[in-house]
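Shown below: start.cif, with mmCIF, C-alpha atoms.
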```cif
data_data
#
loop_
_atom_site.label_atom_id
_atom_site.label_comp_id
_atom_site.auth_asym_id
_atom_site.auth_seq_id
_atom_site.Cartn_x
_atom_site.Cartn_y
_atom_site.Cartn_z
CA MET A 564 -31.00 123.52 -81.78
CA THR A 565 -31.74 125.36 -85.04
CA ASP A 566 -28.33 124.41 -86.48
CA LYS A 567 -28.92 120.77 -85.56
CA LYS A 568 -32.31 120.76 -87.26
CA LEU A 569 -30.81 122.46 -90.32
CA SER A 570 -28.09 119.82 -90.46
CA GLN A 571 -30.69 117.04 -90.25
CA ASP A 572 -32.71 118.63 -93.06
CA GLN A 573 -29.60 118.92 -95.21
CA ASN A 574 -28.66 115.29 -94.59
CA PHE A 575 -32.21 114.24 -95.44
CA PHE A 576 -32.03 116.22 -98.70
CA LEU A 577 -28.69 114.62 -99.58
CA ARG A 578 -30.10 111.16 -98.97
CA ILE A 579 -33.09 111.91 -101.20
CA LEU A 580 -30.83 113.34 -103.90
CA LYS A 581 -28.77 110.15 -103.95
CA LYS A 582 -31.83 107.96 -104.46
CA GLN A 583 -31.93 106.44 -107.94
CA ILE A 584 -35.62 107.21 -108.36
CA PHE A 585 -35.17 110.93 -107.56
CA ILE A 586 -34.55 112.14 -111.14
CA PRO A 587 -37.43 110.28 -112.87
CA ILE A 588 -39.90 111.32 -110.17
CA SER A 589 -38.65 114.91 -110.36
CA ALA A 590 -39.06 114.87 -114.15
CA LEU A 591 -42.57 113.48 -113.79
CA LEU A 592 -43.51 116.17 -111.26
CA VAL A 593 -42.09 118.93 -113.50
CA LEU A 594 -44.14 117.67 -116.47
CA MET A 595 -47.24 117.47 -114.30
CA LEU A 596 -46.74 121.01 -113.00
CA PHE A 597 -46.05 122.35 -116.50
CA ASN A 598 -49.27 120.85 -117.88
CA LEU A 599 -51.26 122.00 -114.88
CA ILE A 600 -50.09 125.60 -115.38
CA ALA A 601 -50.69 125.46 -119.14
CA ASP A 602 -54.14 123.91 -118.71
CA PRO A 603 -55.75 123.77 -115.24
CA THR A 604 -58.19 121.15 -116.56
CA PHE A 605 -55.40 118.82 -117.73
CA PHE A 606 -55.95 116.30 -114.95
CA ARG A 607 -59.73 116.31 -115.11
CA VAL A 608 -61.13 112.77 -115.22
CA GLU A 609 -64.69 112.30 -116.42
CA LEU A 610 -67.06 109.37 -116.68
CA GLY A 611 -68.08 108.83 -120.28
CA ILE A 612 -69.81 106.14 -122.30
CA SER A 613 -67.92 103.65 -124.48
CA SER A 614 -69.00 102.59 -127.98
CA LEU A 615 -70.55 99.50 -126.37
CA GLY A 616 -72.62 101.61 -124.01
CA TYR A 617 -70.62 101.03 -120.81
CA PRO A 618 -69.47 103.80 -118.42
CA VAL A 619 -65.70 104.44 -118.80
CA LEU A 620 -63.18 106.90 -117.39
CA LYS A 621 -61.81 109.49 -119.79
CA GLY A 622 -59.23 112.24 -119.55
CA ASN A 623 -55.58 113.06 -120.23
CA LEU A 624 -54.36 111.24 -117.13
CA ILE A 625 -56.26 108.09 -118.10
CA THR A 626 -54.86 108.31 -121.63
CA ILE A 627 -51.29 108.59 -120.31
CA LEU A 628 -51.66 105.64 -117.94
CA ASP A 629 -53.38 103.61 -120.64
CA ASN A 630 -50.92 104.28 -123.46
CA ALA A 631 -47.90 103.75 -121.20
CA SER A 632 -49.00 100.24 -120.17
CA GLU A 633 -47.10 98.31 -122.83
CA LEU A 634 -43.96 100.40 -122.30
CA VAL A 635 -44.16 99.85 -118.53
CA ILE A 636 -44.34 96.08 -119.03
CA LEU A 637 -41.44 96.13 -121.51
CA SER A 638 -39.31 98.31 -119.24
CA ILE A 639 -39.44 95.62 -116.55
CA GLY A 640 -37.96 92.97 -118.83
CA MET A 641 -35.51 95.39 -120.45
CA THR A 642 -34.20 96.39 -117.02
CA LEU A 643 -33.39 92.78 -116.16
CA VAL A 644 -31.72 92.17 -119.53
CA THR A 645 -29.66 95.34 -119.20
CA ALA A 646 -28.61 94.56 -115.64
CA ALA A 647 -27.54 90.99 -116.38
CA SER A 648 -25.98 91.28 -119.84
CA GLY A 649 -24.78 94.88 -119.90
CA GLY A 650 -26.61 95.37 -123.19
CA GLN A 651 -30.05 95.95 -124.63
CA ASP A 652 -32.51 93.99 -126.76
CA ILE A 653 -33.38 96.03 -129.85
CA SER A 654 -35.71 93.36 -131.26
CA VAL A 655 -38.67 93.84 -128.89
CA GLY A 656 -40.70 95.86 -131.42
CA ALA A 657 -40.28 93.18 -134.09
CA THR A 658 -41.07 90.44 -131.57
CA ILE A 659 -44.26 92.27 -130.58
CA ALA A 660 -45.24 92.11 -134.26
CA LEU A 661 -44.49 88.37 -134.21
CA ALA A 662 -46.53 87.78 -131.05
CA GLY A 663 -49.44 89.83 -132.37
CA SER A 664 -49.36 88.00 -135.68
CA VAL A 665 -49.59 84.65 -133.87
CA VAL A 666 -52.58 85.89 -131.84
CA LEU A 667 -54.52 86.91 -134.95
CA ARG A 668 -53.52 83.78 -136.85
CA ILE A 669 -55.15 81.66 -134.15
CA LEU A 670 -58.19 83.88 -133.61
CA CYS A 671 -58.88 84.51 -137.32
CA GLY A 672 -57.76 81.17 -138.73
CA THR A 673 -57.38 81.50 -142.49
CA ASP A 674 -59.90 84.37 -142.72
CA THR A 675 -58.66 87.87 -143.38
CA LEU A 676 -61.80 89.43 -141.95
CA THR A 677 -64.01 87.65 -139.45
CA ASP A 678 -66.52 88.53 -136.73
CA HIS A 679 -65.96 85.49 -134.55
CA ILE A 680 -62.99 83.79 -132.91
CA HIS A 681 -61.76 80.43 -134.22
CA ALA A 682 -60.17 79.42 -130.91
CA PRO A 683 -60.40 80.48 -127.23
CA ILE A 684 -58.56 83.73 -126.52
CA ILE A 685 -56.54 82.03 -123.79
CA VAL A 686 -55.14 79.63 -126.41
CA ALA A 687 -54.08 82.56 -128.60
CA PHE A 688 -52.46 84.26 -125.61
CA LEU A 689 -50.54 81.15 -124.53
CA ALA A 690 -49.37 80.58 -128.10
CA CYS A 691 -48.03 84.12 -128.40
CA VAL A 692 -46.33 83.74 -124.99
CA LEU A 693 -44.66 80.53 -126.18
CA VAL A 694 -43.49 82.08 -129.44
CA ALA A 695 -42.18 85.28 -127.83
CA MET A 696 -40.37 83.35 -125.10
CA LEU A 697 -38.80 81.06 -127.71
CA PHE A 698 -37.47 84.06 -129.59
CA GLY A 699 -36.32 85.51 -126.28
CA ALA A 700 -34.54 82.22 -125.61
CA PHE A 701 -32.94 82.47 -129.07
CA ASN A 702 -31.53 85.89 -128.20
CA GLY A 703 -30.51 84.61 -124.76
CA VAL A 704 -28.54 81.70 -126.21
CA LEU A 705 -26.65 84.00 -128.57
CA VAL A 706 -25.78 86.40 -125.75
CA ALA A 707 -25.18 84.00 -122.85
CA TYR A 708 -23.63 80.98 -124.52
CA PHE A 709 -22.22 82.29 -127.82
CA LYS A 710 -21.13 85.51 -126.07
CA LEU A 711 -22.34 87.86 -128.80
CA GLN A 712 -22.88 91.50 -127.94
CA PRO A 713 -26.59 91.91 -127.03
CA MET A 714 -27.22 94.58 -129.66
CA VAL A 715 -25.58 92.45 -132.35
CA ALA A 716 -27.39 89.28 -131.27
CA THR A 717 -30.81 90.95 -131.23
CA LEU A 718 -30.16 92.73 -134.52
CA ILE A 719 -31.09 89.44 -136.25
CA LEU A 720 -34.70 89.56 -135.08
CA PHE A 721 -34.79 93.34 -135.38
CA THR A 722 -34.10 92.88 -139.09
CA ALA A 723 -36.13 89.75 -139.83
CA GLY A 724 -38.87 89.75 -137.18
CA ARG A 725 -41.48 91.84 -138.97
CA SER A 726 -41.04 89.86 -142.19
CA ILE A 727 -41.58 86.62 -140.28
CA ALA A 728 -44.68 88.17 -138.66
CA ALA A 729 -46.10 88.98 -142.11
CA TRP A 730 -45.28 85.48 -143.36
CA ILE A 731 -47.26 83.90 -140.47
CA ASN A 732 -50.45 85.44 -141.89
CA ASN A 733 -49.49 85.06 -145.55
CA ASN A 734 -48.76 88.78 -145.90
CA THR A 735 -52.39 89.68 -145.17
CA LEU A 736 -53.66 92.04 -142.48
CA PRO A 737 -56.20 89.95 -140.53
CA ASN A 738 -58.97 91.72 -138.68
CA ASN A 739 -61.20 90.12 -136.05
CA THR A 740 -64.23 92.23 -135.11
CA ASP A 741 -65.45 89.95 -132.31
CA PRO A 742 -65.92 92.34 -129.32
CA ARG A 743 -64.18 89.89 -126.99
CA VAL A 744 -60.89 90.39 -128.83
CA GLY A 745 -60.86 94.08 -127.91
CA TYR A 746 -61.53 93.66 -124.19
CA TYR A 747 -57.83 93.35 -123.27
CA GLY A 748 -56.72 96.48 -125.11
CA ASN A 749 -59.70 98.68 -124.33
CA PHE A 750 -62.30 97.99 -121.60
CA PHE A 751 -63.82 94.97 -119.96
CA PRO A 752 -67.63 95.33 -119.91
CA GLY A 753 -68.75 97.09 -116.75
CA ILE A 754 -65.22 98.15 -115.69
CA ALA A 755 -64.55 101.87 -116.13
CA VAL A 756 -60.75 101.64 -115.99
CA PRO A 757 -58.97 100.72 -119.27
CA SER A 758 -57.89 97.08 -119.31
CA PRO A 759 -54.19 97.80 -120.13
CA ILE A 760 -53.89 99.83 -116.91
CA LEU A 761 -55.22 96.90 -114.88
CA ILE A 762 -52.91 94.45 -116.69
CA ALA A 763 -49.89 96.74 -116.06
CA ILE A 764 -50.76 97.01 -112.36
CA LEU A 765 -51.11 93.23 -112.10
CA PHE A 766 -47.77 92.84 -113.90
CA MET A 767 -46.07 95.23 -111.47
CA ILE A 768 -47.50 93.39 -108.46
CA VAL A 769 -46.32 90.01 -109.76
CA THR A 770 -42.88 91.47 -110.52
CA ALA A 771 -42.62 92.93 -107.01
CA LEU A 772 -43.52 89.55 -105.49
CA VAL A 773 -40.97 87.74 -107.65
CA MET A 774 -38.26 90.23 -106.71
CA ARG A 775 -39.24 89.96 -103.04
CA PHE A 776 -39.47 86.20 -102.66
CA THR A 777 -36.84 84.93 -105.10
CA LYS A 778 -33.11 85.52 -105.57
CA LEU A 779 -33.57 86.77 -109.15
CA SER A 780 -32.73 90.37 -108.26
CA LEU A 781 -29.62 89.40 -106.29
CA PHE A 782 -28.34 86.99 -108.93
CA THR A 783 -29.01 89.41 -111.79
CA GLN A 784 -27.11 92.21 -110.10
CA ALA A 785 -24.24 89.89 -109.17
CA VAL A 786 -23.85 88.66 -112.76
CA GLY A 787 -24.09 92.19 -114.14
CA ILE A 788 -21.47 93.55 -111.74
CA ASN A 789 -18.97 90.72 -112.16
CA ALA A 790 -19.90 87.52 -113.99
CA GLU A 791 -16.70 85.70 -113.10
CA SER A 792 -16.98 86.53 -109.41
CA SER A 793 -20.61 85.40 -109.37
CA ARG A 794 -19.57 82.11 -111.00
CA LEU A 795 -17.00 81.52 -108.26
CA ASN A 796 -19.79 82.09 -105.73
CA GLY A 797 -21.95 79.34 -107.20
CA ILE A 798 -24.10 81.37 -109.62
CA ASN A 799 -24.40 80.31 -113.26
CA PRO A 800 -23.95 83.58 -115.23
CA GLN A 801 -25.01 82.04 -118.54
CA LEU A 802 -28.24 80.71 -117.05
CA ILE A 803 -29.11 84.05 -115.42
CA LYS A 804 -28.51 85.98 -118.64
CA PHE A 805 -30.53 83.40 -120.58
CA MET A 806 -33.41 83.66 -118.06
CA THR A 807 -33.58 87.45 -118.31
CA TYR A 808 -34.07 87.24 -122.09
CA VAL A 809 -36.79 84.63 -121.65
CA ILE A 810 -38.49 86.86 -119.07
CA LEU A 811 -38.27 89.77 -121.51
CA GLY A 812 -39.87 87.47 -124.09
CA PHE A 813 -42.83 87.01 -121.74
CA CYS A 814 -43.08 90.79 -121.27
CA VAL A 815 -43.05 91.21 -125.05
CA ALA A 816 -45.85 88.65 -125.42
CA VAL A 817 -48.10 90.51 -122.98
CA ALA A 818 -47.34 93.86 -124.65
CA GLY A 819 -48.00 92.36 -128.10
CA PHE A 820 -51.29 90.86 -126.96
CA ILE A 821 -52.43 94.27 -125.66
CA LYS A 822 -51.30 96.03 -128.85
CA VAL A 823 -53.30 93.68 -131.09
CA SER A 824 -56.31 93.80 -128.79
CA ARG A 825 -56.46 97.60 -129.03
CA LEU A 826 -57.35 97.54 -132.74
CA SER A 827 -58.20 93.85 -133.31
CA THR A 828 -55.86 93.94 -136.30
CA ILE A 829 -52.17 94.41 -137.07
CA ASN A 830 -49.91 96.36 -139.38
CA TYR A 831 -46.55 94.61 -139.32
CA SER A 832 -44.42 97.61 -140.28
CA VAL A 833 -46.08 100.06 -137.89
CA ILE A 834 -47.06 98.16 -134.75
CA ALA A 835 -44.76 98.97 -131.81
CA LYS A 836 -42.49 100.98 -134.11
CA ASP A 837 -39.45 102.30 -132.18
CA ILE A 838 -40.84 100.98 -128.88
CA GLU A 839 -37.48 99.31 -128.21
CA MET A 840 -35.88 102.75 -128.09
CA ASP A 841 -38.47 103.99 -125.61
CA ALA A 842 -37.94 100.89 -123.46
CA ILE A 843 -34.18 101.47 -123.39
CA LEU A 844 -34.74 105.14 -122.58
CA ALA A 845 -37.07 104.19 -119.73
CA VAL A 846 -34.27 102.08 -118.25
CA ALA A 847 -31.78 104.91 -118.68
CA LEU A 848 -34.18 107.52 -117.25
CA GLY A 849 -34.54 105.29 -114.21
CA GLY A 850 -30.84 105.84 -113.50
CA ASN A 851 -29.90 102.26 -114.33
CA ALA A 852 -26.40 101.79 -115.72
CA LEU A 853 -26.69 100.59 -119.33
CA SER A 854 -23.46 98.68 -118.78
CA GLY A 855 -25.21 96.36 -116.30
CA GLY A 856 -25.11 95.73 -112.58
CA LYS A 857 -27.26 97.36 -109.93
CA PHE A 858 -30.78 98.17 -111.09
CA SER A 859 -34.14 99.52 -109.96
CA ILE A 860 -37.26 98.27 -111.72
CA SER A 861 -39.45 100.84 -109.97
CA SER A 862 -37.26 103.64 -111.37
CA SER A 863 -37.58 102.19 -114.88
CA ILE A 864 -41.37 102.08 -114.51
CA VAL A 865 -41.43 105.75 -113.51
CA GLY A 866 -39.14 106.43 -116.49
CA ALA A 867 -41.69 104.77 -118.79
CA TYR A 868 -44.45 107.02 -117.47
CA VAL A 869 -42.20 110.07 -117.94
CA ILE A 870 -41.70 109.17 -121.61
CA GLN A 871 -45.43 108.73 -122.19
CA PHE A 872 -46.23 111.92 -120.27
CA LEU A 873 -43.72 113.80 -122.42
CA THR A 874 -45.21 112.34 -125.60
CA ILE A 875 -48.76 113.38 -124.69
CA THR A 876 -47.52 116.84 -123.66
CA LEU A 877 -45.83 117.38 -127.02
CA TYR A 878 -48.95 116.22 -128.86
CA ARG A 879 -51.09 118.63 -126.85
CA PHE A 880 -48.87 121.51 -127.89
CA GLU A 881 -49.32 120.47 -131.53
CA VAL A 882 -45.73 119.46 -132.16
CA PRO A 883 -45.64 117.91 -135.67
CA ALA A 884 -45.41 114.13 -135.63
CA ALA A 885 -42.25 114.22 -137.76
CA ALA A 886 -40.54 116.54 -135.25
CA LEU A 887 -41.74 114.68 -132.17
CA PRO A 888 -38.69 112.36 -131.86
CA ALA A 889 -36.32 115.36 -132.00
CA TYR A 890 -38.09 117.23 -129.19
CA LYS A 891 -38.36 114.06 -127.14
CA ALA A 892 -34.69 113.24 -127.71
CA ILE A 893 -33.56 116.63 -126.38
CA VAL A 894 -35.56 116.30 -123.17
CA VAL A 895 -34.61 112.66 -122.70
CA ILE A 896 -30.88 113.41 -123.17
CA ILE A 897 -31.07 116.07 -120.47
CA LEU A 898 -32.88 113.73 -118.08
CA VAL A 899 -30.52 110.82 -118.79
CA VAL A 900 -27.48 113.01 -118.12
CA LEU A 901 -28.99 114.33 -114.88
CA SER A 902 -29.88 110.80 -113.77
CA ALA A 903 -26.37 109.46 -114.38
CA PRO A 904 -24.78 108.32 -111.08
CA VAL A 905 -21.66 110.42 -111.63
CA VAL A 906 -23.73 113.59 -112.15
CA ARG A 907 -25.89 112.92 -109.08
CA LYS A 908 -22.72 112.33 -107.08
CA LYS A 909 -21.26 115.66 -108.23
CA PHE A 910 -24.47 117.48 -107.27
CA ALA A 911 -24.38 115.84 -103.84
CA GLU A 912 -20.74 116.87 -103.35
CA LEU A 913 -21.46 120.47 -104.40
CA LYS A 914 -24.40 120.62 -102.01
CA LYS A 915 -22.29 119.19 -99.22
CA ASN A 916 -19.47 121.67 -99.82
CA PHE A 917 -21.92 124.55 -100.00
CA THR A 918 -23.59 123.64 -96.71
CA ALA A 919 -20.18 123.15 -95.08
CA LYS A 920 -19.14 126.67 -96.09
CA GLU A 921 -22.40 128.06 -94.73
CA ALA A 922 -21.80 126.31 -91.41
CA ASN A 923 -18.35 127.90 -91.16
#
```
What does this structure look like when you write it as structure tokens?
Amino acid sequence: MTDKKLSQDQNFFLRILKKQIFIPISALLVLMLFNLIADPTFFRVELGISSLGYPVLKGNLITILDNASELVILSIGMTLVTAASGGQDISVGATIALAGSVVLRILCGTDTLTDHIHAPIIVAFLACVLVAMLFGAFNGVLVAYFKLQPMVATLILFTAGRSIAAWINNNTLPNNTDPRVGYYGNFFPGIAVPSPILIAILFMIVTALVMRFTKLSLFTQAVGINAESSRLNGINPQLIKFMTYVILGFCVAVAGFIKVSRLSTINYSVIAKDIEMDAILAVALGGNALSGGKFSISSSIVGAYVIQFLTITLYRFEVPAAALPAYKAIVVIILVVLSAPVVRKKFAELKKNFTAKEAN
């Protein structure tokens, strides 16, 4: 009876180990435990007062969830692009600058500094969505129909995007101090939870519903695994690849809108700097093959939170800003290697052989 129970426990462990989400969740738990040991008050959440006089939640955990919101949203779109095209979009940071520039152009008009909005915020949001999706469509056409490598195709916007963003506002740095502009990147009046967290949760719910009630997940995986085979089965590979880039464009628009709302201004060369690398790393940390095919959006989301958790941890231990990427790269490389399917398979085989020897 004991041997049977032991065998069941071992099989359960092997099944858990093979799960794609195992490594990112394990990494997240290790980071949480490390911070808890280093500072028992790390996860303390307190109710404070915002600059506008409203009660708001504060604490390291809130900061992590808040600051990770844009990366979480981007990781969803990047996962789809990676799965379908077998490549990554390196222009998302520049496109965020473009989307943010459009938002401020509409809200500020021709004024560099203003304390009122020149158009409804919904109009500015829809305009930035349209622009970001058009640029996403541009990348999608180059990849899907002109068959350029994704990194080469998106290098165009990566290079020119921030310059175009500056041109939209005549190379000025517009600033809109109307309190309503900052609601979406900080707090809605009377709501204690930061707005970006709520937006990210809503985004994840909508994504889950789309994946559940449409064939997007199935078609994306089919195209990523074998585009020619999917075409013979009635799927249009070019259309699916094109759609994933447009969807990523929408994700970029939402992230850009939040970024601009946080400060109510924009710095074209700094905003969302290197966020494309973090988005790609989130996908890799989630155990998704960067060559395309089968994917897990939930694993990518956990990967995004791991990256933000690691960033906050390094800041808390006073790692110099210049050295931060090096420390983060070391940890991320280890996690990416451990999350690789071939490595997880080897671990599972070793565990299986070890338990078999113990049984004998």
>> Please report the interatomic distance between CA of Tyr746 (chain A) and CA of Tyr617 (chain A) in Å with one decimal.
In response: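 The value is 12.2 Å.
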> Can you list what the PyMOL selection byres ((chain A and resi 671) around 10) grabs from this structure, as a ChimeraX atom specification?
Replying inline: /A:665-670,672-682,732,737-741,828
>> Which residue is closest to Ala818 (chain A)? Choose from A:Val882, A:Leu620, A:Ile684, A:Ala842 and count only C-alpha atoms.
In response: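 Under the stated criterion, the closest residue is A:Ala842.
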Each side padded by 6 Å, which centre and which edge lengths in Å (one decimal) define the axis-aligned box around the listed atoms of region 633-644 of chain A? Give them as lines of an AutoDock Vina configuration file.
```
center_x = -39.4
center_y = 96.3
center_z = -119.5
size_x = 27.4
size_y = 20.2
size_z = 18.7
```
Name the residues captured by the PyMOL selection byres ((chain A and resi 731) around 9) when it is applied to the shown file; answer as an mmCIF file with C-alpha atoms, keeping the file's coordinate frame.
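part.cif written:
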```cif
data_model
loop_
_atom_site.group_PDB
_atom_site.id
_atom_site.type_symbol
_atom_site.label_atom_id
_atom_site.label_comp_id
_atom_site.auth_asym_id
_atom_site.auth_seq_id
_atom_site.Cartn_x
_atom_site.Cartn_y
_atom_site.Cartn_z
ATOM 1 C CA LEU A 661 -44.490 88.370 -134.210
ATOM 2 C CA SER A 664 -49.360 88.000 -135.680
ATOM 3 C CA VAL A 665 -49.590 84.650 -133.870
ATOM 4 C CA ARG A 668 -53.520 83.780 -136.850
ATOM 5 C CA SER A 726 -41.040 89.860 -142.190
ATOM 6 C CA ILE A 727 -41.580 86.620 -140.280
ATOM 7 C CA ALA A 728 -44.680 88.170 -138.660
ATOM 8 C CA ALA A 729 -46.100 88.980 -142.110
ATOM 9 C CA TRP A 730 -45.280 85.480 -143.360
ATOM 10 C CA ASN A 732 -50.450 85.440 -141.890
ATOM 11 C CA ASN A 733 -49.490 85.060 -145.550
ATOM 12 C CA ASN A 734 -48.760 88.780 -145.900
#
```
>> Can you translate the PyMOL selection byres ((chain A and resi 635) around 9) into the concrete residues it hits in this file, as a PyMOL selection string?
In response: chain A and resi 631-634+636-639+763+767+842+845+863-868
> What gap, in Å, lies between CA of Val773 (chain A) and CA of Glu791 (chain A)?
Replying inline: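 Rounded to one decimal, the two atoms are 25.0 Å apart.
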> Neighbours of Thr642 (chain A) within 12 Å (all atoms listed in the file; same-chain residues fewer than 2 positions away dropped), as a ChimeraX atom specification?
Replying inline: /A:634-640,644-652,770,780,783-784,787,804,807-808,810-811,814,842-864,866-867
>> Given only C-alpha atoms as the basis, pick out the residue of A:Val655, A:Leu765, A:Val694, A:Ile584 nearest to Met714 (chain A).
In response: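 Closest candidate: A:Val655.
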>> Can you pull out the residues contacting Leu615 (chain A)? Cut-off 10 Å, using all atoms listed in the file, and skip same-chain residues under 2 positions away; I want them as a ChimeraX atom specification.
In response: /A:612-613,617-618,742,750,752
> Distance CA of Tyr708 (chain A)-CA of Ala816 (chain A), one decimal place?
Replying inline: 23.5 Å
> Pick from A:Met641, A:Leu610, A:Val692, A:Ile627: nearest to Met595 (chain A), with only C-alpha atoms counted?
Replying inline: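 Smallest distance to Met595 (chain A) is found for A:Ile627.
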>> Given only C-alpha atoms as the basis, pick out the residue of A:Ala695, A:Val756, A:Ile600, A:Ala657 nearest to Lys621 (chain A).
In response: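 Of A:Ala695, A:Val756, A:Ile600, A:Ala657, the one nearest Lys621 (chain A), counting only C-alpha atoms, is A:Val756.
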>> If we count all atoms listed in the file and set the cut-off at 8 Å, which residues sit around Ala700 (chain A), ignoring sequence neighbours fewer than 5 positions away in its own chain? Please answer as a PyMOL selection string.
In response: chain A and resi 805-806+808-809+812
>> Between A:Leu795, A:Ile659, A:Ile625, A:Val704, which residue has the minimum interatomic distance to Phe605 (chain A), considering all atoms listed in the file?
In response: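 Closest candidate: A:Ile625.
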Please work out which residues fall within 12 Å of (-28.0, 88.4, -106.2), coordinates as given in the file, with all atoms listed in the file counting, and return them as a PDB file with C-alpha atoms, in the coordinates of the input.
```pdb
ATOM      1  CA  ALA A 646     -28.610  94.560-115.640  1.00  0.00           C
ATOM      2  CA  ALA A 647     -27.540  90.990-116.380  1.00  0.00           C
ATOM      3  CA  MET A 774     -38.260  90.230-106.710  1.00  0.00           C
ATOM      4  CA  ARG A 775     -39.240  89.960-103.040  1.00  0.00           C
ATOM      5  CA  THR A 777     -36.840  84.930-105.100  1.00  0.00           C
ATOM      6  CA  LYS A 778     -33.110  85.520-105.570  1.00  0.00           C
ATOM      7  CA  LEU A 779     -33.570  86.770-109.150  1.00  0.00           C
ATOM      8  CA  SER A 780     -32.730  90.370-108.260  1.00  0.00           C
ATOM      9  CA  LEU A 781     -29.620  89.400-106.290  1.00  0.00           C
ATOM     10  CA  PHE A 782     -28.340  86.990-108.930  1.00  0.00           C
ATOM     11  CA  THR A 783     -29.010  89.410-111.790  1.00  0.00           C
ATOM     12  CA  GLN A 784     -27.110  92.210-110.100  1.00  0.00           C
ATOM     13  CA  ALA A 785     -24.240  89.890-109.170  1.00  0.00           C
ATOM     14  CA  VAL A 786     -23.850  88.660-112.760  1.00  0.00           C
ATOM     15  CA  GLY A 787     -24.090  92.190-114.140  1.00  0.00           C
ATOM     16  CA  ILE A 788     -21.470  93.550-111.740  1.00  0.00           C
ATOM     17  CA  ASN A 789     -18.970  90.720-112.160  1.00  0.00           C
ATOM     18  CA  ALA A 790     -19.900  87.520-113.990  1.00  0.00           C
ATOM     19  CA  SER A 792     -16.980  86.530-109.410  1.00  0.00           C
ATOM     20  CA  SER A 793     -20.610  85.400-109.370  1.00  0.00           C
ATOM     21  CA  ARG A 794     -19.570  82.110-111.000  1.00  0.00           C
ATOM     22  CA  ASN A 796     -19.790  82.090-105.730  1.00  0.00           C
ATOM     23  CA  GLY A 797     -21.950  79.340-107.200  1.00  0.00           C
ATOM     24  CA  ILE A 798     -24.100  81.370-109.620  1.00  0.00           C
ATOM     25  CA  ASN A 799     -24.400  80.310-113.260  1.00  0.00           C
ATOM     26  CA  PRO A 800     -23.950  83.580-115.230  1.00  0.00           C
ATOM     27  CA  ILE A 803     -29.110  84.050-115.420  1.00  0.00           C
ATOM     28  CA  GLY A 856     -25.110  95.730-112.580  1.00  0.00           C
ATOM     29  CA  LYS A 857     -27.260  97.360-109.930  1.00  0.00           C
ATOM     30  CA  PHE A 858     -30.780  98.170-111.090  1.00  0.00           C
TER      31      PHE A 858
END
```
>> With distances taken over all atoms listed in the file, which residue among A:Asp841, A:Glu609, A:Glu912, A:Asp602 lies nearest Gly622 (chain A)?
In response: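 Of the candidates, the smallest distance to Gly622 (chain A) is held by A:Glu609.
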> Which protein, DNA or RNA residues have an atom at most 12 Å from (-38.1, 115.3, -121.2), counting only C-alpha atoms? List them as a PyMOL selection string.
Replying inline: chain A and resi 586-595+597+844-845+848+866-877+887-902
